[in-house]
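S.K.: One structure, as structure tokens, below. Some questions next.
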Amino acid sequence: MAAIHALIALSFLVMLAGLSPARAEDLPTCTGNNLLTKYEQEDPAGYAKLRAEADATPNGKAIFWKVEKESKPASWLLGTMHVTDPRVLAMPEAARIAYDKAATVIVESDEITDEKKAGAAMMARPDLIMFADGKSITDFLTPEDKEKLEKGLKGRGLSLAAVARMKPWMLMSFVALPACEVARKTAGAAFLDQQLAKNALAEGKVLKGLETLIEQISALDSLAVEPQIKGLVQTVDLGVDGLKDVIETMSQLYLSGDTGMIMPMMRAAAPPGEGADAYAEFEQRIIVDRNHTMADRATPILDGGNVFMAVGALHLAGPEGVVELLRKKGFTVTAVN
């Protein structure tokens with residue numbers, strides 16, 4: 001569950017850090033270990049089962065795709081990872097070339113180019129950020145979990161009393177990313193999607209967003225509160241090194257194009273009972289439902305051709321991933337290795 005919530009943080013909460021210019025040499029380096037390497041050594045049979053599921057996932061072996069329809073110029077689809085890791089920011093060479101030539105750029109939300117506007121949009125909907133009716137997160141915590149959360153927040157320079165009225169997804173932004181990643185964002189490092197969007201505006205390209213920030217936050221807010229809080233406590237319990245390992249594992253899967261392994265890994269990490277239910281809800285509301293929204297809204301833009309589309313890599317693979325959904329809308333979508 002901690003892995004799931006770390007992924008939620010990567011999916012949405014990158015835009016919450018105040019951003020300002022910084023020199024690349026000032027930015028900290030993140031380190032971590034690949035958890036799947038250890039899993040393969042300790043449980044070869046379990047890993048083999050996971051590997052088989054990943055290999056059977058449609059469109060789970062690439063992050064860059066060519067999108068064609070009729071006689072229109074080709075468009076391109078890049079799966080991204082919402083981190084400031086220089087390895088991710090580099091992009092495949094073919095993707096850099098395609099981006100330079102594209103007239104239109106599509107990202108999940110074009111609001112990521114204006115932090116002040118994004119912040120104002122959030123403040124206009126306090127019901128999505130804060131508990132109402134006098135409730136607080138402590139109303140949902142056992143004494144043991146309250147102690148864990150207090151300790152974890154204190155280690156990050158926060159007090160539970162000061163943030164108790166915040167929704168758990170908001171609190172997750174303070175605990176679910178390694179300190180090195182938070183520091184890089186705070187120092188001004190752009191994550192890949194944001195870099196592409198800002199460059200598009202600077203270069204005179206047309207920039208299109210598929211979702212609003214409020215739509216994204218509403219999807220998070222729609223998740224059941226209790227499992228979110230359990231995941232929050234588990235994430236705090238995971239510790240600093242554990243978070244680094246989760247992010248590094250996902251990063252290595254992304255960089256190798258092995259995106260079909262990410263969701264099976266998360267399913268395997270979800271404990272039975274409520275954990276599995278919470279994972280299923282996360283997958284449906286945060287991944288699958290949004291895949292359909294993205295494909296529907298991208299279609300009329302892609303119809304014109306010469307488009308570069310960049311969305312989170314988790315949205316590409318699977319029978320209801322964006323790649324397959326675009327094929328159902330009449331596009332020919334081909335992996336570019």
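Residue numbers start at 1 in each chain; chains themselves are named A, B, ... in the order of the structure tokens; ligands are numbered from 1 in the order shown.
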If you run DSSP over the backbone, which residues in region 211-271 of chain A end up alpha helix (DSSP H)? Put them as a PyMOL selection string.

M.R.: chain A and resi 213-221+225-255+262-269

S.K.: Which polymer residues have any atom within 12 Å of an atom of Pro28 (chain A), counting only C-alpha atoms, with same-chain residues fewer than 4 positions away left out, as a list in words?

M.R.: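 Contacts, with the query itself left out: Ala22, Arg23, Ala24, Thr84, Asp85, Pro86, Pro178, Ala179, Cys180, Glu181, Val182, Ala183, Arg184, Lys185, Thr186, Ala187, Gly188 and Ala189 of chain A.
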
S.K.: Check region 158-271 of chain A with DSSP on the backbone and list each residue it calls strand (DSSP E), as a PyMOL selection string.

M.R.: chain A and resi 206-209

S.K.: Quick one: write out the picked residues with N, CA and C atoms as a PDB file, in the first residue's frame?

M.R.:
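That gives us out.pdb:
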ATOM      1  N   VAL A 206       1.447  24.939 -29.803  1.00  0.00           N
ATOM      2  CA  VAL A 206       0.124  24.919 -29.180  1.00  0.00           C
ATOM      3  C   VAL A 206       0.156  23.921 -28.031  1.00  0.00           C
ATOM      4  N   LEU A 207      -0.283  24.343 -26.855  1.00  0.00           N
ATOM      5  CA  LEU A 207      -0.291  23.465 -25.681  1.00  0.00           C
ATOM      6  C   LEU A 207      -1.724  23.136 -25.304  1.00  0.00           C
ATOM      7  N   LYS A 208      -2.015  21.850 -25.132  1.00  0.00           N
ATOM      8  CA  LYS A 208      -3.347  21.390 -24.769  1.00  0.00           C
ATOM      9  C   LYS A 208      -3.275  20.516 -23.520  1.00  0.00           C
ATOM     10  N   GLY A 209      -4.234  20.682 -22.636  1.00  0.00           N
ATOM     11  CA  GLY A 209      -4.351  19.826 -21.459  1.00  0.00           C
ATOM     12  C   GLY A 209      -5.582  18.935 -21.569  1.00  0.00           C
TER      13      GLY A 209
END

S.K.: Residues within 12 Å of Asp245 (chain A), please, as a PyMOL selection string. Count only C-alpha atoms; anything in the same chain fewer than 5 positions from it doesn't count.

M.R.: chain A and resi 2-3+6+30-38+176-178+238-240+250-252

S.K.: Next, the residues of the selection above should be written as a tab-separated table (two decimals), in the first residue's frame with N, CA, C and O atoms.

M.R.:
chain	number	residue	atom	x	y	z
A	2	ALA	N	1.99	1.20	0.66
A	2	ALA	CA	2.89	2.36	0.65
A	2	ALA	C	3.35	2.64	-0.78
A	2	ALA	O	3.46	3.81	-1.19
A	3	ALA	N	3.62	1.60	-1.55
A	3	ALA	CA	4.01	1.79	-2.94
A	3	ALA	C	2.90	2.45	-3.74
A	3	ALA	O	3.14	3.32	-4.58
A	6	ALA	N	2.83	6.12	-2.73
A	6	ALA	CA	3.97	6.83	-3.30
A	6	ALA	C	3.70	7.12	-4.77
A	6	ALA	O	4.04	8.19	-5.29
A	30	CYS	N	19.26	11.47	-5.95
A	30	CYS	CA	18.50	10.44	-5.24
A	30	CYS	C	19.16	9.08	-5.44
A	30	CYS	O	19.69	8.79	-6.52
A	31	THR	N	19.14	8.27	-4.41
A	31	THR	CA	19.68	6.91	-4.51
A	31	THR	C	18.65	5.93	-3.98
A	31	THR	O	17.72	6.30	-3.26
A	32	GLY	N	18.79	4.68	-4.33
A	32	GLY	CA	17.86	3.66	-3.85
A	32	GLY	C	18.18	2.33	-4.48
A	32	GLY	O	19.00	2.23	-5.41
A	33	ASN	N	17.54	1.28	-4.00
A	33	ASN	CA	17.75	-0.07	-4.51
A	33	ASN	C	16.50	-0.58	-5.22
A	33	ASN	O	15.38	-0.21	-4.86
A	34	ASN	N	16.71	-1.42	-6.21
A	34	ASN	CA	15.60	-2.02	-6.95
A	34	ASN	C	15.01	-3.16	-6.11
A	34	ASN	O	15.66	-4.19	-5.90
A	35	LEU	N	13.79	-2.99	-5.64
A	35	LEU	CA	13.15	-3.99	-4.79
A	35	LEU	C	12.88	-5.30	-5.52
A	35	LEU	O	12.85	-6.36	-4.91
A	36	LEU	N	12.69	-5.22	-6.84
A	36	LEU	CA	12.40	-6.44	-7.60
A	36	LEU	C	13.63	-7.34	-7.69
A	36	LEU	O	13.50	-8.56	-7.78
A	37	THR	N	14.81	-6.75	-7.67
A	37	THR	CA	16.03	-7.57	-7.68
A	37	THR	C	16.10	-8.43	-6.44
A	37	THR	O	16.39	-9.63	-6.49
A	38	LYS	N	15.79	-7.83	-5.31
A	38	LYS	CA	15.77	-8.56	-4.04
A	38	LYS	C	14.65	-9.60	-4.03
A	38	LYS	O	14.83	-10.73	-3.58
A	176	ALA	N	5.25	11.09	1.03
A	176	ALA	CA	5.35	9.97	0.09
A	176	ALA	C	6.44	10.12	-0.96
A	176	ALA	O	6.57	9.27	-1.83
A	177	LEU	N	7.21	11.20	-0.91
A	177	LEU	CA	8.32	11.35	-1.83
A	177	LEU	C	9.62	11.46	-1.05
A	177	LEU	O	9.65	12.06	0.03
A	178	PRO	N	10.71	10.89	-1.56
A	178	PRO	CA	11.99	11.01	-0.88
A	178	PRO	C	12.39	12.48	-0.74
A	178	PRO	O	12.05	13.31	-1.58
A	238	LEU	N	7.20	3.16	6.35
A	238	LEU	CA	8.17	2.63	5.39
A	238	LEU	C	9.54	3.27	5.59
A	238	LEU	O	10.57	2.63	5.36
A	239	GLY	N	9.54	4.54	5.99
A	239	GLY	CA	10.81	5.20	6.26
A	239	GLY	C	11.45	5.80	5.02
A	239	GLY	O	11.05	5.53	3.89
A	240	VAL	N	12.48	6.59	5.25
A	240	VAL	CA	13.14	7.32	4.17
A	240	VAL	C	13.78	6.37	3.16
A	240	VAL	O	13.60	6.52	1.95
A	250	MET	N	10.48	1.86	-9.41
A	250	MET	CA	9.59	2.34	-10.47
A	250	MET	C	10.38	3.05	-11.56
A	250	MET	O	10.06	2.91	-12.75
A	251	SER	N	11.39	3.79	-11.17
A	251	SER	CA	12.21	4.51	-12.16
A	251	SER	C	12.94	3.55	-13.08
A	251	SER	O	12.99	3.76	-14.30
A	252	GLN	N	13.51	2.49	-12.51
A	252	GLN	CA	14.21	1.52	-13.35
A	252	GLN	C	13.27	0.78	-14.30
A	252	GLN	O	13.62	0.51	-15.44

S.K.: At a cut-off of 10 Å, using only C-alpha atoms, what residues contact Ala121 (chain A)? Leave out same-chain residues fewer than 6 positions from it and give the result as a count of residues only.

M.R.: 5

S.K.: For Leu314 (chain A), work out the shell of residues within 12 Å, counting only C-alpha atoms and skipping chain neighbours fewer than 4 positions away, then give it as a PyMOL selection string.

M.R.: chain A and resi 7-8+10-11+57+59-63+78-82+250-251+253-254+257-264+266+283+286-288+290-291+310+318+320-323

S.K.: Do a neighbour search on region 141-149 of chain A at 10 Å with only C-alpha atoms, toss out local chain neighbours closer than 2 positions, and write the hits as a ChimeraX atom specification.

M.R.: /A:136-139,151-155,159-160,175,226,229-230,232-237

S.K.: Using Å and a single decimal, report how far CA of Ala224 (chain A) sits from CA of Leu243 (chain A).

M.R.: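 Computed distance, CA of Leu243 (chain A) to CA of Ala224 (chain A), equals 23.0 Å.
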
S.K.: Given the choices A:Tyr39, A:Tyr279, A:Trp76, A:Trp65, which gets closest to Val307 (chain A) if the distance is worked out from only C-alpha atoms?

M.R.: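 That would be A:Trp76, the residue with the smallest distance to Val307 (chain A).
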
S.K.: Figure out the distance between CA of Lys329 (chain A) and CA of Ala103 (chain A), please, to one decimal in Å.

M.R.: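 Between CA of Ala103 (chain A) and CA of Lys329 (chain A) the gap is 21.9 Å.
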